[in-house]
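S.K.: What follows is a single structure, and I will ask about it in a moment.
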Amino acid sequence: MVTLLVFLSILVIGLLVAVPVWQTQLQRESEEELIFRGQQYVEAIRLFEKKNPGTFPKDIEDLVKKRCLRRHFRDPMTKDGKWYLVTRSQAIGGGPRMGRIGGEAGGPPGRAGSAPTPAGQIGRGLVQLVLVPEDAFAGIPNLRIIGVASMSERDSIRVYNEATKYNEWLFYFGMDPGTKPEVTIYGQDEKK
């Protein structure tokens, strides 16, 4: 009887040590999958724009129909698999309630004199993007997708392009790693 209790105690202690390590490993694998899927969307949007110069897809199905994307990839960091779809800020025109992410003013402005990108380039290198939930995207006329971002607000283990939350990990066509865009979220109150 005593031997069984000692064995069970050792087993429980072993599990208490192993479970957090296992959870961390699963989170790291999900982060790698998020990066892979985000880059697949960027490549698909690049191919779409190459096949249709000057235009971007109006939804993810456009990418699948034009054979730029094999299938609709789910966001690995959320249970429902829905993404924020990245679009240019000019396309929205200041819709209802636009909340900022990435610091007090959406992160530091981009570098002066950086190369223009197809994504909301204005002023002296500042890139302005809007994240629109996948479900709300169809209800806004004339929007075009230039990328995706996770809807998860959890902290990441890995730092990706100086971002430490999954919804700050942006994957968009024309991205300049040296320029941090000002990002707002469509449909949310402004964060202070």
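Convention: chains lettered A, B, ... in structure tokens order; per-chain residue numbering from 1; ligands numbered from 1 as shown.
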Give me, as a PyMOL selection string, all polymer residues having an atom no more than 8 Å from range 54-58 of chain A, counting only C-alpha atoms and skipping those fewer than 6 positions away in the same chain.

M.R.: chain A and resi 45+48+142-146

S.K.: Can you pull out the residues contacting Leu63 in chain A? Cut-off 12 Å, using only C-alpha atoms, and skip same-chain residues under 3 positions away; I want them as a ChimeraX atom specification.

M.R.: /A:40-49,51-52,56-60,66-73,144-147

S.K.: Write out as a PyMOL selection string the set of residues from range 40-86 of chain A that DSSP, computed on the backbone, places in alpha helix (DSSP H).

M.R.: chain A and resi 40-51+60-65

S.K.: Would you mind telling me which residue in A:Gln39, A:Thr24, A:Thr184, A:Ser156 lies nearest to Gln90 in chain A when using only C-alpha atoms?

M.R.: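 Once distances to Gln90 in chain A are computed over only C-alpha atoms, the minimum belongs to A:Thr184.
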
S.K.: How many Å separate CA of Trp169 in chain A from CA of Trp83 in chain A?

M.R.: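 So the answer is 11.5 Å.
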
S.K.: In Å, with one decimal, what is the gap from CA of Val159 in chain A to CA of Ser89 in chain A?

M.R.: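 Separating CA of Val159 in chain A from CA of Ser89 in chain A is a distance of 25.3 Å.
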
S.K.: Got a sec: who's within 8 Å of Arg158 in chain A, counting only C-alpha atoms, leaving out chain neighbours fewer than 2 positions off, as a ChimeraX atom specification?

M.R.: /A:28,31,156,160,164

S.K.: Convert the current residue selection to file output with N, CA, C and O atoms, as a tab-separated table (two decimals), in the first residue's frame.

M.R.:
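Below is the file again.tsv, written as the result:
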chain	number	residue	atom	x	y	z
A	28	ARG	N	4.45	26.80	-29.07
A	28	ARG	CA	5.52	27.10	-30.04
A	28	ARG	C	5.19	26.54	-31.42
A	28	ARG	O	5.42	27.17	-32.44
A	31	GLU	N	2.62	28.67	-33.02
A	31	GLU	CA	3.22	29.91	-33.51
A	31	GLU	C	3.90	29.68	-34.86
A	31	GLU	O	3.77	30.51	-35.77
A	156	SER	N	2.54	36.16	-26.96
A	156	SER	CA	3.27	35.11	-27.66
A	156	SER	C	4.53	34.75	-26.89
A	156	SER	O	5.02	35.52	-26.06
A	160	TYR	N	7.83	38.33	-32.94
A	160	TYR	CA	7.79	38.32	-34.40
A	160	TYR	C	7.66	39.75	-34.89
A	160	TYR	O	6.67	40.43	-34.57
A	164	THR	N	4.64	41.19	-29.68
A	164	THR	CA	4.59	40.16	-28.64
A	164	THR	C	3.18	39.63	-28.38
A	164	THR	O	2.98	38.85	-27.47

S.K.: Quick one: distance from CA of Glu134 in chain A to CA of Lys82 in chain A in Å, one decimal?

M.R.: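 Taking CA of Glu134 in chain A as the start and CA of Lys82 in chain A as the end point, the length is 6.2 Å.
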